[in-house]
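Here is data33.txt, consisting of compact mmCIF, C-alpha atoms:
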```txt
# COMPACT_ATOMS: atom_id res chain seq x y z
CA MET A 1 -92.58 -58.74 9.69
CA ALA A 2 -90.13 -56.76 7.52
CA ASP A 3 -92.52 -56.41 4.70
CA ASP A 4 -90.60 -55.95 1.57
CA GLN A 5 -92.71 -53.22 0.10
CA THR A 6 -90.89 -50.86 2.45
CA LEU A 7 -87.36 -51.50 1.20
CA SER A 8 -85.16 -48.47 1.71
CA ASN A 9 -85.38 -47.42 -1.90
CA ALA A 10 -89.12 -47.91 -2.00
CA PRO A 11 -91.27 -45.08 -0.71
CA PRO A 12 -92.36 -45.86 2.89
CA ARG A 13 -95.93 -45.34 3.99
CA PRO A 14 -95.43 -41.74 4.99
CA ARG A 15 -98.60 -41.12 6.97
CA GLU A 16 -97.93 -43.94 9.45
CA TYR A 17 -94.34 -42.80 9.83
CA GLU A 18 -95.36 -39.23 10.41
CA ILE A 19 -97.80 -40.38 13.10
CA LEU A 20 -95.04 -42.45 14.73
CA ASP A 21 -92.76 -39.42 14.89
CA ASN A 22 -95.48 -37.49 16.64
CA ILE A 23 -96.39 -40.11 19.24
CA ARG A 24 -92.95 -41.38 20.32
CA HIS A 25 -92.56 -38.42 22.64
CA THR A 26 -95.96 -39.03 24.27
CA PHE A 27 -95.16 -42.67 25.00
CA ALA A 28 -91.82 -41.74 26.50
CA GLU A 29 -93.30 -38.97 28.62
CA LYS A 30 -96.45 -40.63 29.94
CA GLY A 31 -95.32 -44.22 29.98
CA PHE A 32 -96.70 -47.14 28.05
CA ASP A 33 -99.77 -47.55 30.24
CA GLY A 34 -100.04 -43.88 31.12
CA ALA A 35 -100.46 -42.77 27.49
CA SER A 36 -104.10 -43.20 26.50
CA MET A 37 -105.30 -43.62 22.93
CA GLN A 38 -106.77 -40.11 23.38
CA ASP A 39 -103.33 -38.71 24.32
CA LEU A 40 -101.73 -40.45 21.36
CA ALA A 41 -104.38 -39.32 18.89
CA ARG A 42 -104.04 -35.76 20.18
CA ALA A 43 -100.24 -35.89 19.78
CA ALA A 44 -100.79 -37.07 16.22
CA GLY A 45 -103.25 -34.25 15.59
CA MET A 46 -106.03 -36.69 14.72
CA SER A 47 -109.42 -37.71 15.97
CA VAL A 48 -109.42 -40.90 18.04
CA GLY A 49 -111.54 -42.64 15.41
CA ASN A 50 -109.16 -41.76 12.62
CA PHE A 51 -106.16 -42.69 14.77
CA TYR A 52 -107.62 -46.17 15.38
CA ARG A 53 -107.78 -46.70 11.63
CA TYR A 54 -104.00 -46.43 11.47
CA PHE A 55 -103.15 -48.07 14.77
CA PRO A 56 -105.86 -50.21 16.35
CA SER A 57 -103.72 -51.02 19.43
CA LYS A 58 -100.57 -50.06 21.29
CA ALA A 59 -99.01 -53.32 20.14
CA ALA A 60 -99.59 -52.20 16.53
CA MET A 61 -97.74 -48.95 17.25
CA VAL A 62 -94.82 -50.73 18.86
CA GLU A 63 -94.70 -53.10 15.91
CA ALA A 64 -94.62 -50.18 13.45
CA ILE A 65 -91.89 -48.37 15.41
CA ILE A 66 -89.85 -51.56 15.47
CA THR A 67 -90.42 -52.33 11.80
CA ARG A 68 -89.08 -48.94 10.83
CA ASP A 69 -86.07 -49.26 13.12
CA LEU A 70 -85.32 -52.68 11.63
CA GLU A 71 -85.24 -51.15 8.15
CA ASP A 72 -82.41 -48.86 9.28
CA VAL A 73 -80.57 -51.79 10.80
CA ARG A 74 -80.94 -53.86 7.65
CA ASP A 75 -79.47 -51.05 5.53
CA LYS A 76 -76.45 -50.83 7.81
CA PHE A 77 -75.82 -54.57 7.67
CA THR A 78 -76.14 -54.53 3.88
CA ASP A 79 -73.18 -52.14 3.88
CA VAL A 80 -71.22 -54.32 6.34
CA VAL A 81 -71.45 -57.52 4.32
CA ALA A 82 -70.63 -55.64 1.10
CA ALA A 83 -67.50 -54.05 2.61
CA SER A 84 -64.06 -55.25 1.58
CA ASP A 85 -63.27 -55.87 5.27
CA PRO A 86 -66.56 -56.84 6.95
CA LEU A 87 -64.95 -57.24 10.39
CA ALA A 88 -63.56 -53.70 10.29
CA ALA A 89 -66.85 -52.37 8.94
CA LEU A 90 -68.87 -54.11 11.65
CA ARG A 91 -66.49 -52.98 14.40
CA CYS A 92 -66.62 -49.42 13.14
CA GLY A 93 -70.41 -49.51 12.84
CA LEU A 94 -70.88 -50.94 16.33
CA HIS A 95 -68.40 -48.50 17.90
CA ALA A 96 -70.25 -45.65 16.24
CA ARG A 97 -73.60 -46.98 17.45
CA ILE A 98 -72.31 -47.27 21.02
CA ALA A 99 -70.91 -43.73 20.84
CA GLU A 100 -74.26 -42.48 19.51
CA GLU A 101 -76.19 -44.21 22.29
CA CYS A 102 -73.74 -42.78 24.79
CA MET A 103 -74.48 -39.30 23.51
CA GLY A 104 -78.08 -39.84 24.53
CA CYS A 105 -80.51 -41.44 22.17
CA PRO A 106 -83.81 -39.53 22.11
CA ASP A 107 -85.66 -42.85 22.00
CA ALA A 108 -84.12 -44.25 25.17
CA PRO A 109 -87.12 -43.51 27.43
CA LEU A 110 -89.38 -45.11 24.84
CA TRP A 111 -87.20 -48.23 24.74
CA ALA A 112 -87.16 -48.47 28.51
CA GLU A 113 -90.97 -48.32 28.41
CA ILE A 114 -91.20 -50.94 25.69
CA THR A 115 -88.76 -53.21 27.54
CA ALA A 116 -90.84 -52.98 30.70
CA ALA A 117 -94.12 -53.49 28.84
CA ALA A 118 -92.66 -56.51 27.03
CA GLN A 119 -92.36 -58.29 30.37
CA ARG A 120 -95.96 -57.69 31.29
CA LYS A 121 -97.80 -57.95 28.01
CA PRO A 122 -97.26 -61.05 25.89
CA GLU A 123 -98.26 -59.29 22.65
CA ILE A 124 -95.58 -56.63 23.19
CA GLY A 125 -93.08 -59.27 24.26
CA ALA A 126 -93.73 -61.11 21.00
CA VAL A 127 -93.11 -57.99 18.89
CA VAL A 128 -89.93 -57.08 20.77
CA GLY A 129 -88.72 -60.68 20.56
CA LYS A 130 -89.27 -60.64 16.81
CA MET A 131 -87.21 -57.47 16.48
CA GLU A 132 -84.37 -58.76 18.61
CA ARG A 133 -84.28 -61.98 16.63
CA GLY A 134 -84.18 -59.87 13.46
CA VAL A 135 -81.18 -57.84 14.61
CA GLN A 136 -79.47 -60.96 15.94
CA GLY A 137 -80.06 -62.60 12.55
CA TYR A 138 -78.22 -59.77 10.79
CA LEU A 139 -75.39 -60.05 13.30
CA VAL A 140 -75.12 -63.84 12.88
CA ASN A 141 -75.03 -63.27 9.14
CA ALA A 142 -72.08 -60.92 9.48
CA PHE A 143 -70.41 -63.24 12.02
CA ALA A 144 -70.68 -66.15 9.56
CA LEU A 145 -68.88 -64.08 6.95
CA ILE A 146 -66.21 -62.93 9.41
CA ALA A 147 -65.58 -66.39 10.85
CA GLY A 148 -65.84 -68.06 7.46
CA VAL A 149 -68.41 -70.59 8.62
CA PRO A 150 -71.84 -71.48 7.22
CA GLU A 151 -74.70 -69.50 8.61
CA ALA A 152 -76.29 -72.41 10.48
CA GLU A 153 -72.97 -73.04 12.19
CA ALA A 154 -72.62 -69.34 13.05
CA ALA A 155 -76.16 -69.32 14.46
CA ARG A 156 -75.29 -72.21 16.75
CA ARG A 157 -71.92 -70.92 17.78
CA PHE A 158 -72.48 -67.17 18.03
CA ALA A 159 -76.09 -66.78 19.20
CA ALA A 160 -74.91 -65.57 22.61
CA HIS A 161 -72.48 -63.11 21.00
CA ALA A 162 -75.27 -61.67 18.88
CA ALA A 163 -77.62 -61.43 21.87
CA MET A 164 -74.90 -59.74 23.92
CA VAL A 165 -74.29 -57.06 21.28
CA VAL A 166 -77.98 -56.17 21.36
CA MET A 167 -77.99 -56.17 25.18
CA LEU A 168 -74.93 -53.88 25.29
CA ILE A 169 -76.50 -51.34 22.94
CA LYS A 170 -79.80 -51.32 24.83
CA THR A 171 -78.24 -51.04 28.28
CA THR A 172 -75.89 -48.28 27.09
CA ALA A 173 -78.80 -46.24 25.74
CA ILE A 174 -80.70 -46.61 29.00
CA GLN A 175 -77.60 -45.77 31.06
CA ALA A 176 -76.91 -42.61 29.03
CA GLN A 177 -80.44 -41.48 29.79
CA ALA A 178 -80.01 -42.19 33.49
CA ASP A 179 -76.74 -40.25 33.51
CA GLY A 180 -78.44 -37.19 32.04
CA GLN A 181 -78.33 -37.79 28.28
CA ARG A 182 -74.69 -38.70 28.05
CA CYS A 183 -72.37 -41.44 29.33
CA ARG A 184 -68.94 -40.75 30.75
CA SER A 185 -66.40 -41.11 27.97
CA ASP A 186 -64.55 -43.85 29.87
CA LEU A 187 -67.78 -45.89 29.93
CA THR A 188 -68.19 -45.45 26.17
CA ALA A 189 -64.65 -46.72 25.66
CA LEU A 190 -65.23 -49.69 27.99
CA VAL A 191 -68.41 -50.75 26.16
CA GLN A 192 -66.49 -50.49 22.89
CA ARG A 193 -63.75 -52.74 24.31
CA MET A 194 -66.46 -55.25 25.23
CA VAL A 195 -67.73 -55.16 21.65
CA ASP A 196 -64.13 -55.79 20.56
CA MET A 197 -63.95 -58.79 22.87
CA ILE A 198 -67.08 -60.22 21.26
CA LEU A 199 -65.73 -59.61 17.75
CA ASP A 200 -62.35 -61.08 18.73
CA GLU A 201 -64.07 -64.26 19.89
CA VAL A 202 -65.96 -64.46 16.60
CA SER A 203 -62.97 -63.80 14.38
CA ALA A 204 -60.80 -66.17 16.42
CA ALA A 205 -63.03 -68.94 15.11
CA LYS A 206 -61.64 -68.25 11.65
CA ALA A 207 -58.04 -68.51 12.76
CA LYS A 208 -58.71 -71.69 14.69
CA GLY A 209 -60.67 -73.31 11.89
CA PHE A 210 -64.13 -74.64 11.56
CA ASP A 211 -64.19 -77.76 13.67
CA ASP A 212 -62.14 -76.90 16.71
CA ALA A 213 -63.11 -73.30 17.33
CA ARG A 214 -65.46 -73.97 20.22
CA ASP A 215 -64.30 -72.98 23.68
CA MET B 1 -82.36 -59.56 45.92
CA ALA B 2 -83.16 -62.82 47.60
CA ASP B 3 -85.10 -61.94 50.64
CA ASP B 4 -83.02 -62.93 53.61
CA GLN B 5 -84.86 -63.02 56.89
CA THR B 6 -81.64 -63.90 58.67
CA LEU B 7 -79.91 -60.67 57.67
CA SER B 8 -77.06 -60.44 60.09
CA ASN B 9 -76.70 -57.14 61.84
CA ALA B 10 -79.47 -55.04 60.34
CA PRO B 11 -82.65 -55.34 62.37
CA PRO B 12 -85.14 -54.28 59.69
CA ARG B 13 -88.52 -52.76 60.28
CA PRO B 14 -90.44 -55.98 59.78
CA ARG B 15 -93.88 -54.56 59.00
CA GLU B 16 -92.60 -52.43 56.09
CA TYR B 17 -90.64 -55.40 54.76
CA GLU B 18 -93.65 -57.68 54.97
CA ILE B 19 -95.69 -55.12 53.03
CA LEU B 20 -92.94 -54.89 50.41
CA ASP B 21 -93.01 -58.65 49.91
CA ASN B 22 -96.72 -58.47 49.30
CA ILE B 23 -96.70 -55.60 46.82
CA ARG B 24 -93.70 -56.48 44.60
CA HIS B 25 -95.81 -58.85 42.61
CA THR B 26 -98.54 -56.26 42.05
CA PHE B 27 -96.06 -53.69 40.71
CA ALA B 28 -94.53 -56.24 38.37
CA GLU B 29 -97.90 -57.42 37.12
CA LYS B 30 -99.74 -54.14 36.67
CA GLY B 31 -96.81 -51.86 35.88
CA PHE B 32 -95.58 -48.91 37.81
CA ASP B 33 -98.34 -46.58 36.65
CA GLY B 34 -100.94 -49.30 36.30
CA ALA B 35 -100.78 -50.31 39.97
CA SER B 36 -102.98 -47.95 41.97
CA MET B 37 -102.54 -47.24 45.67
CA GLN B 38 -105.80 -49.20 46.07
CA ASP B 39 -104.30 -52.22 44.29
CA LEU B 40 -101.18 -52.03 46.42
CA ALA B 41 -103.09 -51.62 49.69
CA ARG B 42 -105.27 -54.59 48.76
CA ALA B 43 -102.20 -56.72 47.96
CA ALA B 44 -100.82 -55.77 51.36
CA GLY B 45 -104.12 -56.69 53.03
CA MET B 46 -104.55 -53.19 54.43
CA SER B 47 -106.90 -50.26 54.15
CA VAL B 48 -105.69 -47.50 51.84
CA GLY B 49 -105.47 -45.09 54.77
CA ASN B 50 -103.33 -47.44 56.79
CA PHE B 51 -101.20 -48.22 53.74
CA TYR B 52 -100.46 -44.51 53.23
CA ARG B 53 -99.12 -44.33 56.78
CA TYR B 54 -96.37 -46.77 55.79
CA PHE B 55 -95.81 -45.63 52.22
CA PRO B 56 -97.10 -42.17 51.32
CA SER B 57 -95.96 -42.48 47.67
CA LYS B 58 -94.71 -44.92 45.07
CA ALA B 59 -91.29 -43.30 45.33
CA ALA B 60 -91.27 -44.22 49.03
CA MET B 61 -91.98 -47.86 48.13
CA VAL B 62 -89.24 -47.97 45.53
CA GLU B 63 -86.87 -46.40 48.04
CA ALA B 64 -87.73 -49.04 50.65
CA ILE B 65 -87.32 -51.90 48.15
CA ILE B 66 -83.95 -50.50 47.13
CA THR B 67 -82.79 -49.88 50.68
CA ARG B 68 -83.44 -53.48 51.58
CA ASP B 69 -81.68 -54.78 48.46
CA LEU B 70 -78.68 -52.58 49.26
CA GLU B 71 -78.41 -54.22 52.68
CA ASP B 72 -77.95 -57.60 50.97
CA VAL B 73 -75.34 -56.16 48.64
CA ARG B 74 -73.47 -54.58 51.54
CA ASP B 75 -73.28 -57.91 53.37
CA LYS B 76 -71.86 -59.62 50.28
CA PHE B 77 -69.19 -56.96 49.82
CA THR B 78 -68.26 -57.19 53.50
CA ASP B 79 -67.42 -60.83 52.81
CA VAL B 80 -65.44 -59.96 49.67
CA VAL B 81 -63.15 -57.42 51.32
CA ALA B 82 -62.60 -59.73 54.30
CA ALA B 83 -61.60 -62.67 52.05
CA SER B 84 -57.98 -63.77 51.85
CA ASP B 85 -58.19 -63.35 48.05
CA PRO B 86 -60.65 -60.50 47.39
CA LEU B 87 -60.25 -60.76 43.60
CA ALA B 88 -61.21 -64.45 43.62
CA ALA B 89 -64.04 -63.78 46.07
CA LEU B 90 -65.41 -60.93 43.94
CA ARG B 91 -65.09 -62.93 40.73
CA CYS B 92 -66.86 -65.87 42.31
CA GLY B 93 -69.59 -63.67 43.77
CA LEU B 94 -70.20 -61.88 40.46
CA HIS B 95 -70.21 -65.13 38.46
CA ALA B 96 -72.74 -66.54 40.90
CA ARG B 97 -74.88 -63.42 40.67
CA ILE B 98 -74.84 -63.57 36.84
CA ALA B 99 -75.78 -67.26 36.94
CA GLU B 100 -78.61 -66.47 39.38
CA GLU B 101 -79.95 -63.68 37.18
CA CYS B 102 -79.69 -65.99 34.19
CA MET B 103 -81.84 -68.52 35.99
CA GLY B 104 -84.55 -65.90 36.09
CA CYS B 105 -84.78 -63.46 38.94
CA PRO B 106 -88.37 -63.12 40.20
CA ASP B 107 -87.84 -59.37 40.56
CA ALA B 108 -86.83 -58.79 36.92
CA PRO B 109 -90.23 -57.43 35.80
CA LEU B 110 -90.23 -55.08 38.79
CA TRP B 111 -86.74 -53.83 37.91
CA ALA B 112 -87.72 -53.27 34.30
CA GLU B 113 -90.66 -51.20 35.57
CA ILE B 114 -88.49 -49.23 37.97
CA THR B 115 -85.89 -48.60 35.23
CA ALA B 116 -88.57 -47.26 32.90
CA ALA B 117 -90.20 -45.15 35.63
CA ALA B 118 -86.79 -43.73 36.58
CA GLN B 119 -86.55 -42.11 33.15
CA ARG B 120 -89.92 -40.43 33.44
CA LYS B 121 -90.15 -39.49 37.08
CA PRO B 122 -87.30 -37.49 38.60
CA GLU B 123 -88.08 -38.67 42.15
CA ILE B 124 -87.75 -42.33 41.09
CA GLY B 125 -84.66 -41.51 39.04
CA ALA B 126 -83.10 -39.99 42.14
CA VAL B 127 -83.77 -43.09 44.26
CA VAL B 128 -82.47 -45.47 41.58
CA GLY B 129 -79.41 -43.27 41.07
CA LYS B 130 -78.71 -43.43 44.81
CA MET B 131 -78.86 -47.21 44.75
CA GLU B 132 -76.62 -47.55 41.72
CA ARG B 133 -74.09 -45.17 43.23
CA GLY B 134 -74.25 -47.28 46.40
CA VAL B 135 -73.51 -50.54 44.59
CA GLN B 136 -70.83 -48.86 42.49
CA GLY B 137 -69.29 -47.52 45.68
CA TYR B 138 -68.98 -51.06 47.08
CA LEU B 139 -67.44 -52.20 43.80
CA VAL B 140 -64.94 -49.32 43.71
CA ASN B 141 -64.03 -50.20 47.27
CA ALA B 142 -63.25 -53.78 46.28
CA PHE B 143 -61.45 -52.60 43.12
CA ALA B 144 -59.21 -50.32 45.23
CA LEU B 145 -58.23 -53.31 47.36
CA ILE B 146 -57.63 -55.52 44.30
CA ALA B 147 -55.60 -52.92 42.40
CA GLY B 148 -53.78 -51.75 45.51
CA VAL B 149 -54.65 -48.11 44.96
CA PRO B 150 -56.29 -45.54 47.26
CA GLU B 151 -60.03 -45.37 47.04
CA ALA B 152 -60.16 -41.91 45.46
CA GLU B 153 -57.81 -43.14 42.75
CA ALA B 154 -59.94 -46.26 42.21
CA ALA B 155 -63.07 -44.10 41.99
CA ARG B 156 -61.47 -42.02 39.27
CA ARG B 157 -59.98 -44.90 37.35
CA PHE B 158 -62.63 -47.60 37.70
CA ALA B 159 -65.93 -45.73 37.77
CA ALA B 160 -66.80 -47.03 34.30
CA HIS B 161 -65.88 -50.60 35.30
CA ALA B 162 -68.16 -50.40 38.33
CA ALA B 163 -71.00 -48.93 36.25
CA MET B 164 -70.54 -51.65 33.64
CA VAL B 165 -70.81 -54.46 36.22
CA VAL B 166 -74.14 -53.04 37.40
CA MET B 167 -75.33 -52.64 33.79
CA LEU B 168 -74.37 -56.25 32.96
CA ILE B 169 -76.28 -57.65 35.93
CA LYS B 170 -79.38 -55.58 35.17
CA THR B 171 -79.43 -56.35 31.47
CA THR B 172 -78.87 -60.06 32.13
CA ALA B 173 -81.82 -60.17 34.52
CA ILE B 174 -84.08 -58.45 32.00
CA GLN B 175 -82.83 -60.70 29.18
CA ALA B 176 -83.50 -63.87 31.19
CA GLN B 177 -87.05 -62.69 31.69
CA ALA B 178 -87.47 -61.98 27.98
CA ASP B 179 -86.11 -65.42 27.14
CA GLY B 180 -88.69 -67.10 29.36
CA GLN B 181 -87.11 -67.05 32.82
CA ARG B 182 -83.73 -68.40 31.81
CA CYS B 183 -80.81 -67.41 29.60
CA ARG B 184 -79.05 -69.80 27.27
CA SER B 185 -76.05 -71.26 29.06
CA ASP B 186 -73.67 -69.88 26.42
CA LEU B 187 -74.97 -66.39 27.16
CA THR B 188 -74.37 -66.90 30.88
CA ALA B 189 -70.80 -67.94 30.13
CA LEU B 190 -70.24 -64.96 27.82
CA VAL B 191 -71.48 -62.47 30.42
CA GLN B 192 -69.17 -64.12 32.95
CA ARG B 193 -66.24 -63.70 30.52
CA MET B 194 -67.14 -60.02 30.23
CA VAL B 195 -67.04 -59.73 34.01
CA ASP B 196 -63.62 -61.39 33.86
CA MET B 197 -62.46 -58.82 31.32
CA ILE B 198 -63.54 -56.03 33.68
CA LEU B 199 -61.77 -57.64 36.64
CA ASP B 200 -58.67 -58.29 34.51
CA GLU B 201 -58.49 -54.61 33.62
CA VAL B 202 -58.81 -53.70 37.29
CA SER B 203 -56.23 -56.17 38.54
CA ALA B 204 -53.84 -55.28 35.67
CA ALA B 205 -53.56 -51.88 37.33
CA LYS B 206 -51.81 -53.58 40.23
CA ALA B 207 -49.28 -55.35 38.03
CA LYS B 208 -48.56 -52.20 36.08
CA GLY B 209 -48.23 -50.04 39.13
CA PHE B 210 -50.00 -46.99 40.38
CA ASP B 211 -48.95 -44.22 38.02
CA ASP B 212 -48.83 -45.79 34.61
CA ALA B 213 -51.81 -48.06 34.66
CA ARG B 214 -54.08 -45.85 32.62
CA ASP B 215 -54.88 -46.90 29.07
```

How does the structure come out when it is put into structure tokens?
Amino acid sequence: MADDQTLSNAPPRPREYEILDNIRHTFAEKGFDGASMQDLARAAGMSVGNFYRYFPSKAAMVEAIITRDLEDVRDKFTDVVAASDPLAALRCGLHARIAEECMGCPDAPLWAEITAAAQRKPEIGAVVGKMERGVQGYLVNAFALIAGVPEAEAARRFAAHAAMVVMLIKTTAIQAQADGQRCRSDLTALVQRMVDMILDEVSAAKAKGFDDARD
Amino acid sequence: MADDQTLSNAPPRPREYEILDNIRHTFAEKGFDGASMQDLARAAGMSVGNFYRYFPSKAAMVEAIITRDLEDVRDKFTDVVAASDPLAALRCGLHARIAEECMGCPDAPLWAEITAAAQRKPEIGAVVGKMERGVQGYLVNAFALIAGVPEAEAARRFAAHAAMVVMLIKTTAIQAQADGQRCRSDLTALVQRMVDMILDEVSAAKAKGFDDARD
């Protein structure tokens, strides 16, 4: 899905992105089912016919939102693996992401909608699954480097750790929203300690060596 | 969330509960907004007019679903605080709950819908908030017993721990659904280790004493 013509240093397709910025709010406000193509076209300042040319379905919109978000994630992981201390860089990046989500991510209502829709609509579930596998792939990549194991081994050993990091970020964003745009600071710190536990388990594999690092 | 007809000392209002059993599926399938009062009345085998007499709004249905679920939770916590080793009983109960959610909870799509609706609709947000505060209250209660501190102190010190337990259970249920009704067993084990970390932090307060147990 990450189509390589939209690398960070390549110009993105600005019209689609501009439309996405204008419709996110409508999805979040009216709900995934509640937002009609008419509502979305109006939010984008376009005729319905023209809007359909850019996004023929809601699944296409979700896919475009996700593709753009994945580009951001990829850029961050590029920095992590290039860092002199990838473990410290990843820890710092994840702590910052948790703190950001705790401050209230403006996209949280949209993500809650997409999460719910993913359970009902197979085409949305497929797009969301693809994104989560993408993020988990970047994490496994970084974990392989940190643990000093080949990537296939890291994928086998740390798949749950990667999934859990994604789950923690999502649930924190949704919780911040529920708490009125901001988590309690002790909750932020606790989620960060849980991220540390995950990273400790990963980096412990390095200390213990390749063959005997399984629990 | 398992529907327990033999609920000990809470004589429920059986007609409402029977209706709830019949409409859960419709909510989960059609979405919170997508399910009309007509759809719900039909699923309950009632006329719309009669249905409105029991549940005048969707918020009323969510409230009833939540009230019944809270009764189950209350019964489980009654057992925990009566146990000779409340920490072991709570750990065991939470591990079992995580394992259950990982096996795929039939209500997961409904909870994803309710979570999304809670962010959009203040009246649903209020009902969900009441439930989460209820569950967190039971947890804080048990934490106070485990840490050997007064309840007000436990509420101040362990609010984030209680919130995190609820977040872990919810996110695990939603993840199991996304993964096709069942989490990977290594993910189940990792979530259980995170619950252990939370309980370790709570019980460490006892070892360290009342006044100096803060991080």

Could you produce a table of the residues of chain B lying within 7 Å of chain A, with the nearest pair of atoms per residue and their separation in Å rounded to one decimal, using all atoms listed in the file, ordered by chain and increasing residue number, as JSON lines?
```
{"residue": "B:Glu29", "atom": "CA", "partner": "A:Arg120", "partner_atom": "CA", "distance": 6.2}
{"residue": "B:Asp33", "atom": "CA", "partner": "A:Gly34", "partner_atom": "CA", "distance": 6.4}
{"residue": "B:Gly34", "atom": "CA", "partner": "A:Asp33", "partner_atom": "CA", "distance": 6.4}
{"residue": "B:Pro109", "atom": "CA", "partner": "A:Gln119", "partner_atom": "CA", "distance": 5.9}
{"residue": "B:Ala112", "atom": "CA", "partner": "A:Ala116", "partner_atom": "CA", "distance": 4.8}
{"residue": "B:Glu113", "atom": "CA", "partner": "A:Ala116", "partner_atom": "CA", "distance": 5.2}
{"residue": "B:Thr115", "atom": "CA", "partner": "A:Ala112", "partner_atom": "CA", "distance": 6.8}
{"residue": "B:Ala116", "atom": "CA", "partner": "A:Ala112", "partner_atom": "CA", "distance": 4.8}
{"residue": "B:Gln119", "atom": "CA", "partner": "A:Pro109", "partner_atom": "CA", "distance": 5.9}
{"residue": "B:Arg120", "atom": "CA", "partner": "A:Glu29", "partner_atom": "CA", "distance": 6.1}
{"residue": "B:Ala160", "atom": "CA", "partner": "A:Leu187", "partner_atom": "CA", "distance": 4.6}
{"residue": "B:Met167", "atom": "CA", "partner": "A:Thr171", "partner_atom": "CA", "distance": 6.4}
{"residue": "B:Thr171", "atom": "CA", "partner": "A:Thr171", "partner_atom": "CA", "distance": 6.3}
{"residue": "B:Ala178", "atom": "CA", "partner": "A:Gln119", "partner_atom": "CA", "distance": 6.6}
{"residue": "B:Asp186", "atom": "CA", "partner": "A:Ala160", "partner_atom": "CA", "distance": 5.9}
{"residue": "B:Leu187", "atom": "CA", "partner": "A:Ala160", "partner_atom": "CA", "distance": 4.6}
{"residue": "B:Met194", "atom": "CA", "partner": "A:Met194", "partner_atom": "CA", "distance": 6.9}
```

Fitting chain B onto chain A by least squares over every Cα, paired in order, leaves an RMSD of 2.8 Å

Calculate how many Å separate atom CA of Arg91 of chain B from atom CA of Thr67 of chain B, rounding to one decimal.
->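 Separation between atom CA of Arg91 of chain B and atom CA of Thr67 of chain B: 24.1 Å.
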
For atom CA of Ala142 of chain B and atom CA of Val165 of chain A, quote the distance in Å rounded to one decimal.
->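 According to the coordinates, atom CA of Ala142 of chain B and atom CA of Val165 of chain A are separated by 27.5 Å.
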
Exercise: residues within 9 Å of coordinate (-78.0, -67.8, 36.1), counting all atoms listed in the file, as a PyMOL selection string = chain B and resi 95-105+172-173+176+182-183+185+188

In Å, how far is it from atom CA of Ala64 of chain A to atom CA of Ile169 of chain A?
->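 So the answer is 20.5 Å.
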
Which polymer residues have any atom within 12 Å of an atom of Val80 of chain B, counting only C-alpha atoms, with same-chain residues fewer than 6 positions away left out, as a list of chain:residue names?
-> B:Val73, B:Arg74, B:Pro86, B:Leu87, B:Ala88, B:Ala89, B:Leu90, B:Arg91, B:Cys92, B:Gly93, B:Leu94, B:Tyr138, B:Leu139, B:Asn141, B:Ala142, B:Phe143, B:Leu145, B:Ile146
